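One file, structure33.cif, carrying mmCIF, C-alpha atoms:
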data_model
#
loop_
_atom_site.label_atom_id
_atom_site.label_comp_id
_atom_site.auth_asym_id
_atom_site.auth_seq_id
_atom_site.Cartn_x
_atom_site.Cartn_y
_atom_site.Cartn_z
CA MET I 107 84.17 64.22 133.66
CA ARG I 108 87.45 63.68 131.88
CA ALA I 109 90.62 64.38 133.82
CA MET I 110 92.19 67.80 133.25
CA HIS I 111 95.85 68.83 133.10
CA ARG I 112 97.18 65.40 132.23
CA LEU I 113 100.40 66.79 130.78
CA SER I 114 103.27 68.52 132.55
CA ALA I 115 105.70 71.09 131.18
CA LYS I 116 108.63 68.75 131.82
CA ALA I 117 106.98 65.71 130.21
CA VAL I 118 105.92 67.63 127.09
CA VAL I 119 109.56 68.30 126.19
CA ALA I 120 110.42 64.58 126.04
CA LEU I 121 107.29 63.33 124.25
CA ALA I 122 107.79 61.38 121.03
CA PRO I 123 105.86 62.25 117.85
CA GLY I 124 102.14 61.64 118.29
CA LYS I 125 98.92 63.12 119.73
CA TYR I 126 98.58 63.75 123.45
CA ALA I 127 95.48 64.87 125.37
CA ASP I 128 95.74 67.37 128.22
CA GLY I 129 92.02 67.23 128.97
CA GLY I 130 89.05 69.41 128.18
CA GLY I 131 89.62 68.97 124.43
CA LEU I 132 93.18 70.33 124.47
CA TRP I 133 95.66 68.26 122.47
CA LEU I 134 99.35 68.51 121.66
CA VAL I 135 100.25 67.20 118.20
CA LYS I 136 103.95 66.41 117.81
CA ARG I 137 105.21 65.84 114.26
CA LYS I 138 107.91 63.43 113.14
CA GLY I 139 109.86 66.08 111.31
CA GLY I 140 110.02 68.24 114.43
CA GLY I 141 107.74 70.93 115.73
CA ALA I 142 104.44 70.67 117.53
CA GLN I 143 101.02 72.32 117.57
CA TRP I 144 98.37 72.92 120.23
CA VAL I 145 94.84 72.07 119.09
CA GLN I 146 91.55 72.62 120.91
CA ARG I 147 88.65 70.39 119.97
CA ILE I 148 85.22 71.98 120.36
CA THR I 149 81.64 71.10 119.53
CA ILE I 150 79.53 74.08 118.52
CA TYR I 151 76.06 74.01 116.93
CA GLY I 152 76.30 70.20 116.93
CA ARG I 153 79.44 70.29 114.82
CA ARG I 154 82.86 69.12 115.97
CA ARG I 155 85.75 71.41 115.00
CA GLU I 156 89.43 71.83 115.74
CA MET I 157 90.94 75.20 116.59
CA GLY I 158 94.69 75.85 116.41
CA LEU I 159 96.09 77.56 119.49
CA GLY I 160 99.67 78.07 118.33
CA ALA I 161 102.95 76.24 117.92
CA TYR I 162 104.88 74.62 120.76
CA PRO I 163 107.20 75.72 122.37
CA ALA I 164 106.38 79.32 121.32
CA VAL I 165 103.06 78.76 123.09
CA SER I 166 103.75 77.12 126.44
CA LEU I 167 101.54 74.52 128.13
CA ALA I 168 100.22 77.12 130.57
CA GLU I 169 99.37 79.57 127.77
CA ALA I 170 97.71 76.82 125.74
CA ARG I 171 95.52 75.96 128.74
CA ARG I 172 94.47 79.61 129.09
CA LYS I 173 93.57 79.80 125.40
CA ALA I 174 91.68 76.50 125.63
CA GLU I 175 89.65 77.71 128.60
CA ASP I 176 88.82 80.94 126.77
CA ALA I 177 87.55 78.89 123.82
CA ARG I 178 85.48 76.64 126.08
CA ALA I 179 83.97 79.71 127.76
CA LYS I 180 82.82 81.06 124.39
CA VAL I 181 81.25 77.70 123.56
CA ARG I 182 79.36 77.79 126.88
CA ASP I 183 78.04 81.20 125.79
CA ASN I 184 76.94 79.62 122.52
CA LEU I 185 79.61 81.46 120.53
CA ASP I 186 81.91 79.94 117.91
CA PRO I 187 85.46 80.77 119.14
CA ILE I 188 86.92 80.29 115.65
CA ARG I 189 84.56 82.84 114.13
CA GLU I 190 85.08 85.18 117.07
CA ARG I 191 88.84 85.07 116.52
CA GLN I 192 88.35 85.86 112.82
CA ARG I 193 86.17 88.83 113.73
CA ALA I 194 88.82 90.08 116.15
CA ARG I 195 91.47 89.94 113.43
CA GLN I 196 89.24 91.81 111.01
CA THR I 197 88.60 94.46 113.64
CA ALA I 198 92.34 94.80 114.20
CA VAL I 199 92.84 95.44 110.48
CA ARG I 200 90.06 98.02 110.46
CA ASN I 201 91.63 99.67 113.49
CA LEU I 202 94.93 100.47 111.81
CA HIS I 203 94.82 103.98 113.12
CA LEU I 204 98.20 105.71 113.09
CA LEU I 205 98.83 107.75 109.94
CA LYS I 206 102.07 105.85 109.22
CA ASP I 207 100.21 102.51 109.36
CA VAL I 208 97.40 103.68 107.09
CA ALA I 209 99.87 105.31 104.67
CA LEU I 210 101.86 102.09 104.33
CA ASP I 211 98.67 100.08 103.86
CA ALA I 212 97.51 102.51 101.16
CA PHE I 213 100.89 102.23 99.44
CA GLU I 214 100.75 98.43 99.48
CA SER I 215 97.29 98.41 97.94
CA ARG I 216 98.44 100.64 95.07
CA LYS I 217 101.78 99.02 94.23
CA ALA I 218 100.33 97.13 91.27
CA GLU I 219 99.41 100.47 89.65
CA LEU I 220 102.90 101.92 89.99
CA ARG I 221 105.95 101.60 87.78
CA GLY I 222 108.09 98.72 89.01
CA ASP I 223 105.53 98.08 91.80
CA GLY I 224 106.73 101.27 93.49
CA ILE I 225 110.09 99.76 94.41
CA ALA I 226 111.90 102.99 93.62
CA GLY I 227 109.83 104.66 96.34
CA ARG I 228 108.87 107.76 94.38
CA TRP I 229 105.19 107.45 95.27
CA PHE I 230 105.83 107.07 98.98
CA SER I 231 108.87 109.34 99.43
CA PRO I 232 106.96 112.69 99.67
CA LEU I 233 105.06 111.25 102.64
CA GLU I 234 108.07 109.51 104.13
CA LEU I 235 110.29 112.60 103.98
CA HIS I 236 107.90 115.46 104.69
CA VAL I 237 104.75 114.16 106.41
CA LEU I 238 105.32 111.03 108.47
CA PRO I 239 108.23 112.41 110.57
CA LYS I 240 105.79 114.97 112.00
CA LEU I 241 102.35 113.31 111.77
CA GLY I 242 103.11 109.60 111.38
CA SER I 243 102.51 108.68 115.03
CA ILE I 244 99.20 110.56 115.29
CA PRO I 245 95.90 108.67 114.84
CA VAL I 246 94.67 109.54 111.37
CA ALA I 247 91.19 110.32 112.74
CA ASP I 248 92.74 113.07 114.90
CA ILE I 249 94.51 114.85 112.03
CA ASP I 250 92.86 118.03 110.73
CA GLN I 251 93.68 120.70 108.16
CA LYS I 252 95.74 122.73 110.65
CA ASP I 253 98.02 119.77 111.30
CA ILE I 254 98.55 119.29 107.58
CA ARG I 255 99.16 122.99 107.01
CA GLY I 256 101.78 123.08 109.78
CA CYS I 257 103.47 120.05 108.28
CA LEU I 258 103.68 121.24 104.67
CA ALA I 259 104.02 125.00 105.16
CA PRO I 260 107.86 124.89 105.26
CA ILE I 261 108.02 123.41 101.72
CA TRP I 262 104.78 124.74 100.22
CA HIS I 263 106.52 127.44 98.16
CA ASP I 264 110.19 126.41 98.13
CA LYS I 265 109.54 122.79 97.12
CA ALA I 266 106.20 123.31 95.47
CA GLU I 267 106.09 120.16 93.35
CA THR I 268 107.10 117.92 96.26
CA ALA I 269 104.54 119.61 98.51
CA ARG I 270 101.84 119.15 95.87
CA LYS I 271 102.64 115.44 95.59
CA ALA I 272 102.63 115.06 99.39
CA MET I 273 99.20 116.72 99.57
CA ASN I 274 97.83 114.47 96.82
CA ARG I 275 99.19 111.36 98.53
CA LEU I 276 97.61 112.47 101.80
CA GLY I 277 94.26 112.74 100.04
CA ILE I 278 94.65 109.12 98.86
CA VAL I 279 95.64 107.99 102.36
CA PHE I 280 92.58 109.67 103.90
CA LYS I 281 90.31 107.96 101.36
CA HIS I 282 91.99 104.66 102.21
CA ALA I 283 91.41 105.30 105.92
CA ALA I 284 87.72 105.94 105.26
CA ALA I 285 87.53 102.68 103.30
CA LEU I 286 88.98 100.90 106.34
CA GLY I 287 86.06 102.26 108.36
CA LEU I 288 88.00 104.93 110.24
CA ASP I 289 86.27 108.17 111.17
CA VAL I 290 88.43 110.65 109.26
CA ASP I 291 87.80 114.12 107.86
CA MET I 292 87.94 113.43 104.13
CA GLN I 293 88.08 117.16 103.42
CA ALA I 294 91.12 117.84 105.62
CA PRO I 295 93.71 117.85 102.78
CA MET I 296 91.51 120.14 100.65
CA LYS I 297 90.96 122.50 103.59
CA ALA I 298 94.71 122.53 104.27
CA ARG I 299 95.32 123.49 100.64
CA GLU I 300 93.01 126.47 101.10
CA LEU I 301 94.83 127.50 104.27
CA LEU I 302 98.22 127.29 102.57
CA GLY I 303 97.09 129.39 99.60
CA LYS I 304 98.34 129.50 96.04
CA GLN I 305 101.91 128.40 95.53
CA ARG I 306 104.34 131.13 94.46
CA HIS I 307 106.84 128.69 92.99
CA GLU I 308 107.25 128.90 89.23
CA THR I 309 107.95 125.75 87.27
CA THR I 310 111.56 125.52 86.15
CA HIS I 311 111.87 124.09 82.67
CA ILE I 312 114.54 121.52 81.96
CA PRO I 313 117.53 123.27 80.30
CA ALA I 314 118.00 122.42 76.63
CA LEU I 315 120.53 123.05 73.89
CA THR I 316 119.40 125.20 70.98
CA TRP I 317 118.89 123.33 67.72
CA GLN I 318 121.85 125.24 66.28
CA GLU I 319 124.12 123.75 68.98
CA VAL I 320 122.99 120.15 68.48
CA PRO I 321 125.20 119.16 65.50
CA ASP I 322 128.45 119.91 67.33
CA PHE I 323 127.29 118.04 70.45
CA TYR I 324 125.88 115.13 68.46
CA GLN I 325 129.06 114.67 66.42
CA SER I 326 131.19 114.81 69.57
CA LEU I 327 129.47 111.59 70.74
CA ASP I 328 131.84 109.52 68.65
CA GLU I 329 133.27 106.90 71.00
CA GLY I 330 130.71 104.21 70.17
CA SER I 331 130.12 103.60 73.88
CA ILE I 332 126.72 102.67 75.29
CA THR I 333 126.24 106.15 76.73
CA HIS I 334 127.26 107.94 73.53
CA LEU I 335 125.02 105.76 71.38
CA ALA I 336 122.08 106.13 73.78
CA LEU I 337 122.38 109.91 73.70
CA ARG I 338 122.62 109.90 69.91
CA LEU I 339 119.43 107.85 69.55
CA LEU I 340 117.67 109.98 72.16
CA ILE I 341 118.48 113.11 70.15
CA LEU I 342 117.49 111.57 66.80
CA THR I 343 114.12 110.18 67.92
CA GLY I 344 112.93 112.77 70.46
CA VAL I 345 111.67 110.02 72.80
CA ARG I 346 111.77 110.11 76.60
CA SER I 347 114.65 108.58 78.51
CA ARG I 348 112.82 105.56 79.94
CA PRO I 349 111.65 103.90 76.70
CA LEU I 350 115.06 104.68 75.17
CA ARG I 351 116.93 103.00 78.04
CA PHE I 352 114.64 99.96 77.88
CA LEU I 353 114.81 99.64 74.09
CA HIS I 354 114.64 95.93 73.26
CA GLU I 355 115.49 94.27 69.97
CA GLY I 356 111.98 92.84 69.82
CA GLN I 357 110.50 96.39 69.60
CA ILE I 358 112.21 97.10 66.28
CA ASP I 359 110.62 95.99 63.01
CA GLY I 360 112.52 97.23 59.98
CA ASN I 361 112.64 101.01 60.21
CA VAL I 362 109.94 101.33 62.87
CA TRP I 363 110.42 101.18 66.64
CA THR I 364 107.20 100.44 68.54
CA ILE I 365 107.23 101.57 72.16
CA PRO I 366 104.74 99.56 74.29
CA GLY I 367 101.97 101.67 75.77
CA GLU I 368 102.92 100.91 79.38
CA ALA I 369 106.49 102.13 78.76
CA ILE I 370 105.28 105.58 77.69
CA LYS I 371 105.84 107.93 80.60
CA GLY I 372 105.73 104.93 82.93
CA ARG I 373 101.95 104.50 82.70
CA LYS I 374 100.93 101.02 83.85
CA GLY I 375 97.99 99.65 81.96
CA ALA I 376 98.35 102.11 79.06
CA THR I 377 97.05 100.48 75.88
CA GLU I 378 98.21 102.74 73.02
CA ASP I 379 101.63 101.86 71.61
CA PHE I 380 103.72 104.59 70.00
CA ARG I 381 105.47 104.06 66.66
CA VAL I 382 108.76 105.85 66.10
CA PRO I 383 110.02 106.11 62.50
CA LEU I 384 113.75 105.40 62.37
CA SER I 385 115.86 107.51 60.03
CA THR I 386 118.93 106.16 58.26
CA GLU I 387 121.11 107.75 60.92
CA ALA I 388 119.00 106.24 63.73
CA LEU I 389 119.24 102.78 62.16
CA ALA I 390 123.03 103.16 61.99
CA VAL I 391 123.13 104.02 65.70
CA ILE I 392 120.98 100.98 66.53
CA GLN I 393 123.23 98.74 64.47
CA SER I 394 126.25 100.00 66.42
CA ALA I 395 124.42 99.49 69.72
CA ARG I 396 123.68 95.85 68.92
CA ARG I 397 127.25 94.83 69.72
CA HIS I 398 126.64 95.96 73.33
CA ALA I 399 123.25 94.24 73.64
CA ARG I 400 122.52 91.90 76.54
CA ASP I 401 119.34 89.82 76.82
CA GLY I 402 117.99 91.76 73.85
CA TYR I 403 118.39 95.19 75.52
CA LEU I 404 120.51 97.55 73.42
CA PHE I 405 121.67 99.77 76.29
CA PRO I 406 122.58 97.48 79.21
CA SER I 407 124.29 98.69 82.37
CA VAL I 408 127.68 97.39 83.45
CA ARG I 409 126.28 94.93 86.02
CA LYS I 410 122.63 94.18 85.37
CA GLY I 411 119.55 95.73 83.85
CA VAL I 412 119.82 98.81 81.66
CA ILE I 413 121.64 102.10 82.02
CA SER I 414 120.24 104.40 84.68
CA ASP I 415 118.36 107.62 84.13
CA ALA I 416 121.37 109.57 85.40
CA THR I 417 124.00 108.03 83.10
CA MET I 418 123.39 110.37 80.17
CA SER I 419 122.87 113.38 82.47
CA ARG I 420 126.26 112.85 84.10
CA LEU I 421 127.99 112.87 80.73
CA MET I 422 126.48 116.27 79.98
CA GLU I 423 127.38 117.50 83.46
CA ARG I 424 131.01 116.44 83.01
CA ARG I 425 131.11 118.53 79.85
CA GLY I 426 129.96 121.58 81.79
CA LEU I 427 126.54 121.76 80.13
CA GLU I 428 123.43 122.98 81.91
CA ALA I 429 121.24 121.20 79.36
CA ARG I 430 119.91 117.75 80.21
CA PRO I 431 118.88 114.77 78.01
CA HIS I 432 115.15 115.39 78.39
CA GLY I 433 115.72 118.87 76.98
CA PHE I 434 116.36 117.44 73.51
CA ARG I 435 112.60 116.98 73.18
CA THR I 436 112.26 120.76 73.52
CA THR I 437 115.11 121.27 71.07
CA LEU I 438 113.42 119.08 68.47
CA ARG I 439 110.07 120.83 68.97
CA VAL I 440 111.62 124.27 68.50
CA TRP I 441 113.45 123.08 65.37
CA LEU I 442 110.16 121.76 63.96
CA ALA I 443 108.54 125.15 64.59
CA GLU I 444 111.36 127.35 63.30
CA VAL I 445 112.79 125.34 60.41
CA THR I 446 109.88 123.33 59.00
CA ASP I 447 106.31 123.98 58.02
CA ALA I 448 105.08 120.90 59.85
CA PRO I 449 101.42 121.21 60.92
CA HIS I 450 100.96 121.57 64.66
CA GLU I 451 99.41 118.12 65.14
CA VAL I 452 102.23 116.45 63.18
CA ALA I 453 104.92 118.29 65.13
CA GLU I 454 103.27 117.31 68.40
CA ALA I 455 102.96 113.71 67.21
CA CYS I 456 106.75 113.64 66.74
CA LEU I 457 107.00 113.93 70.53
CA GLY I 458 104.15 111.53 71.22
CA HIS I 459 101.87 114.35 72.39
CA LYS I 460 98.12 114.08 71.90
CA THR I 461 96.40 117.22 70.66
CA ASP I 462 92.85 115.92 70.16
CA SER I 463 90.20 114.28 72.29
CA GLY I 464 89.83 110.51 72.30
CA VAL I 465 86.74 110.83 70.10
CA VAL I 466 88.59 112.84 67.44
CA ARG I 467 91.52 110.40 67.47
CA ALA I 468 89.14 107.48 67.11
CA TYR I 469 87.85 108.96 63.83
CA ARG I 470 91.20 110.27 62.60
CA ARG I 471 92.99 106.95 63.09
CA THR I 472 96.46 108.11 62.03
CA ASP I 473 99.70 108.76 63.82
CA PHE I 474 101.22 110.66 60.85
CA LEU I 475 103.97 108.06 60.57
CA ASP I 476 105.02 108.97 57.01
CA GLN I 477 105.04 112.70 57.71
CA ARG I 478 107.04 112.15 60.87
CA ARG I 479 109.47 109.91 59.01
CA ALA I 480 110.30 112.71 56.55
CA LEU I 481 110.75 115.24 59.37
CA LEU I 482 112.98 112.99 61.49
CA ALA I 483 115.06 112.17 58.42
CA ARG I 484 115.73 115.90 57.99
CA TRP I 485 116.41 116.22 61.71
CA GLY I 486 118.91 113.36 61.51
CA ALA I 487 120.67 115.02 58.58
CA HIS I 488 120.86 118.21 60.61
CA CYS I 489 122.32 116.40 63.60
CA ASP I 490 125.02 114.52 61.70
CA GLY I 491 125.97 117.63 59.73
CA SER I 492 125.07 116.33 56.28
CA THR I 493 122.81 119.33 55.82
CA GLY I 494 122.57 122.65 57.58
CA ALA I 495 118.79 122.58 57.53
CA GLN I 496 118.93 126.32 57.91
CA HIS I 497 116.29 127.20 55.32
CA ARG I 498 112.64 126.89 56.07
CA SER I 499 110.85 124.44 53.81
CA GLY I 500 107.78 122.23 53.77
CA GLY I 501 107.37 119.54 56.49
#
Here is a file; write its structure as structure tokens.
Amino acid sequence: MRAMHRLSAKAVVALAPGKYADGGGLWLVKRKGGGAQWVQRITIYGRRREMGLGAYPAVSLAEARRKAEDARAKVRDNLDPIRERQRARQTAVRNLHLLKDVALDAFESRKAELRGDGIAGRWFSPLELHVLPKLGSIPVADIDQKDIRGCLAPIWHDKAETARKAMNRLGIVFKHAAALGLDVDMQAPMKARELLGKQRHETTHIPALTWQEVPDFYQSLDEGSITHLALRLLILTGVRSRPLRFLHEGQIDGNVWTIPGEAIKGRKGATEDFRVPLSTEALAVIQSARRHARDGYLFPSVRKGVISDATMSRLMERRGLEARPHGFRTTLRVWLAEVTDAPHEVAEACLGHKTDSGVVRAYRRTDFLDQRRALLARWGAHCDGSTGAQHRSGG
């Protein structure tokens, strides 16, 4: 039988690069560039294999010998220690059991679906702020509807939208836990919703200027700054803030701005682009914005990237207005209804809303670009004061 324990802790420190046997198949491999690795050689099912036991000195000689003996014991029992270790790791993954662990794992698996890979934290924040402080350290299999009700009851009515998102995220986390093989009550979030009852909170609409107030506000944006120009184009086109802020020179072709599908309302994987007809006034704003452009983006921030979602809102706040940038979409829609005879589907198309089923749209195959162009031209004339647009006429 080969000699065992040939190495000593003191001698190992001074060994030069090379391979050194301790006995029983345990070897220390020292590399020229520094660092060392413990390796256990085994023969299982007539096949010789090497099994890493860890890096030296993080794994000491004594610990390496214990790991080597454990591997040899498995071989004597006709088990492959390498496969057994892999099974143990897989079991450890399946046994992620605390709610906070499962929630984080669920978040990681869904990052690719989220805007900006979820870096902003909006998907995870309802859980992080309102659920995990109370339930995070409890095994997910032990959580029932009463636990969830107790957790979300304080915000169920007062912060209804946040509570709704937290409940939806919990449902996703419980499904993820079940996929990991954990014994969870998949119906717990739904049961908790029943216990909490219908939410009393009424949705608060984003404040908006009336269409009669728009010309004065629009014409006051006369500094030619990035923020003023961004607000002007937002008003003229009726688009959402995100595609406006990320407007790139490459999206503009003549008098048409094509917003990529995935930029519409932040939907990753969306396939339908949205064409925005640009009026003469809108084209003039874009031309002015080009002198501020950086890396092709027309509305860059001071340091890097593009202006933030709050930049335009703060300008309106400083002017003492309750209205917010997103409210201009409502303003435009009301103007279309009260001042023009635009058909409902055309008016809705101005805002990028879909009024028909996918089947109907597939046969219709139009986005009413020409009709929308005429309407937005009139809207632009109203905004810049070149016409009062007070009399109702055909859209």
Carefully work through the PyMOL selection byres ((chain I and resi 148) around 12) for this structure and note down the residues it includes, as an mmCIF file with C-alpha atoms, keeping the file's coordinate frame.
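The new file selection_24.cif reads:
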data_model
loop_
_atom_site.group_PDB
_atom_site.id
_atom_site.type_symbol
_atom_site.label_atom_id
_atom_site.label_comp_id
_atom_site.auth_asym_id
_atom_site.auth_seq_id
_atom_site.Cartn_x
_atom_site.Cartn_y
_atom_site.Cartn_z
ATOM 1 C CA GLY I 129 92.020 67.230 128.970
ATOM 2 C CA GLY I 130 89.050 69.410 128.180
ATOM 3 C CA GLY I 131 89.620 68.970 124.430
ATOM 4 C CA LEU I 132 93.180 70.330 124.470
ATOM 5 C CA TRP I 133 95.660 68.260 122.470
ATOM 6 C CA VAL I 145 94.840 72.070 119.090
ATOM 7 C CA GLN I 146 91.550 72.620 120.910
ATOM 8 C CA ARG I 147 88.650 70.390 119.970
ATOM 9 C CA THR I 149 81.640 71.100 119.530
ATOM 10 C CA ILE I 150 79.530 74.080 118.520
ATOM 11 C CA TYR I 151 76.060 74.010 116.930
ATOM 12 C CA GLY I 152 76.300 70.200 116.930
ATOM 13 C CA ARG I 153 79.440 70.290 114.820
ATOM 14 C CA ARG I 154 82.860 69.120 115.970
ATOM 15 C CA ARG I 155 85.750 71.410 115.000
ATOM 16 C CA GLU I 156 89.430 71.830 115.740
ATOM 17 C CA MET I 157 90.940 75.200 116.590
ATOM 18 C CA GLY I 158 94.690 75.850 116.410
ATOM 19 C CA ALA I 174 91.680 76.500 125.630
ATOM 20 C CA GLU I 175 89.650 77.710 128.600
ATOM 21 C CA ASP I 176 88.820 80.940 126.770
ATOM 22 C CA ALA I 177 87.550 78.890 123.820
ATOM 23 C CA ARG I 178 85.480 76.640 126.080
ATOM 24 C CA ALA I 179 83.970 79.710 127.760
ATOM 25 C CA LYS I 180 82.820 81.060 124.390
ATOM 26 C CA VAL I 181 81.250 77.700 123.560
ATOM 27 C CA ARG I 182 79.360 77.790 126.880
ATOM 28 C CA ASN I 184 76.940 79.620 122.520
ATOM 29 C CA LEU I 185 79.610 81.460 120.530
ATOM 30 C CA ASP I 186 81.910 79.940 117.910
ATOM 31 C CA PRO I 187 85.460 80.770 119.140
ATOM 32 C CA ILE I 188 86.920 80.290 115.650
#
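Note on the selection: in this file the PyMOL selection byres ((chain I and resi 259-274) around 6) comes out as Pro232, Leu233, Arg255, Gly256, Cys257, Leu258, Arg275, Leu276, Gly277, Gln305, Arg306 and His307 of chain I.
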Please, could you write that set of residues out with C-alpha atoms as a PDB file, in the coordinates of the input?
ATOM      1  CA  PRO I 232     106.960 112.690  99.670  1.00  0.00           C
ATOM      2  CA  LEU I 233     105.060 111.250 102.640  1.00  0.00           C
ATOM      3  CA  ARG I 255      99.160 122.990 107.010  1.00  0.00           C
ATOM      4  CA  GLY I 256     101.780 123.080 109.780  1.00  0.00           C
ATOM      5  CA  CYS I 257     103.470 120.050 108.280  1.00  0.00           C
ATOM      6  CA  LEU I 258     103.680 121.240 104.670  1.00  0.00           C
ATOM      7  CA  ARG I 275      99.190 111.360  98.530  1.00  0.00           C
ATOM      8  CA  LEU I 276      97.610 112.470 101.800  1.00  0.00           C
ATOM      9  CA  GLY I 277      94.260 112.740 100.040  1.00  0.00           C
ATOM     10  CA  GLN I 305     101.910 128.400  95.530  1.00  0.00           C
ATOM     11  CA  ARG I 306     104.340 131.130  94.460  1.00  0.00           C
ATOM     12  CA  HIS I 307     106.840 128.690  92.990  1.00  0.00           C
TER      13      HIS I 307
END
Check: Can you list, as an MDAnalysis selection string, every protein, DNA or RNA residue that comes within 8 Å of Ile254 of chain I when you count all atoms listed in the file, leaving out same-chain residues fewer than 6 positions away?
Finding: chainID I and resid 294:295 298
Can I get the selected residues back with C-alpha atoms, as a compact mmCIF listing (two decimals), in the coordinates of the input?
# COMPACT_ATOMS: atom_id res chain seq x y z
CA ALA I 294 91.12 117.84 105.62
CA PRO I 295 93.71 117.85 102.78
CA ALA I 298 94.71 122.53 104.27
Check: On this structure, which residues satisfy the PyMOL selection byres ((chain I and resi 354) around 8), written as a PyMOL selection string?
Finding: chain I and resi 352-353+355-358+402-404
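Atom CA of Ala395 of chain I to atom CA of Thr436 of chain I spans 24.8 Å [interatomic distance, one decimal].
Put simply, atom CA of His334 of chain I is 11.7 Å away from atom CA of Ile413 of chain I.
The list of residues with at least one atom within 9 Å of Thr316 of chain I, based on only C-alpha atoms and without residues fewer than 4 positions apart in the same chain, reads Val320, Phe434, Thr436, Thr437, Leu438, Val440 and Trp441 of chain I.
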Starting from 5 Å padding per side, set up an axis-aligned box that covers all listed atoms of segment 350-361 of chain I and hand over centre and edge lengths in Å, one decimal, as AutoDock Vina command-line options.
--center_x 113.7 --center_y 98.8 --center_z 69.0 --size_x 16.4 --size_y 21.8 --size_z 28.1
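Ranking I:Ser114, I:Ser166, I:Ser419, I:Thr446 by their shortest atom-to-atom distance to Pro313 of chain I, with all atoms listed in the file included, puts I:Ser419 first.
Residue nearest Leu159 of chain I, chosen from I:Arg479, I:Thr417, I:Gly141, I:Arg191 and counting only C-alpha atoms: I:Arg191.
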Note to self: With distances taken over only C-alpha atoms, which residue among I:Arg348, I:Arg478, I:Arg425, I:Arg420 lies nearest Leu442 of chain I?
What the structure shows: I:Arg478
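Nearest residue to Ile312 of chain I, choosing from I:Lys460, I:Arg430, I:Lys125, I:Arg193 and counting all atoms listed in the file: I:Arg430.
When all atoms listed in the file are used to measure the gap to His282 of chain I, the shortest distance among I:Trp485, I:Trp363, I:Tyr126, I:Phe213 belongs to I:Phe213.
When all atoms listed in the file are used to compute distances to Gln251 of chain I, the closest of the residues I:His432, I:Ala212, I:Trp229, I:Leu302 turns out to be I:Leu302.
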Margin query: Residues within 12 Å of Glu454 of chain I, please, as a list in words. Count all atoms listed in the file; anything in the same chain fewer than 2 positions from it doesn't count.
Written below: Gly344, Val345, Arg435, Thr436, Leu438, Arg439, Val440, Leu442, Ala443, Ala448, Pro449, His450, Glu451, Val452, Cys456, Leu457, Gly458, His459, Lys460, Thr461, Asp462, Asp473, Phe474, Gln477, Arg478 and Leu481 of chain I
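Taking atom CA of Val382 of chain I as the reference point, atom CA of Ser492 of chain I is found at 21.7 Å.
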Checklist line | Residue contacts of His203 of chain I (8 Å, all atoms listed in the file) excluding same-chain residues fewer than 5 positions away, as a list in words | finding: Val208, Pro245, Val246, Ala247 and Leu288 of chain I
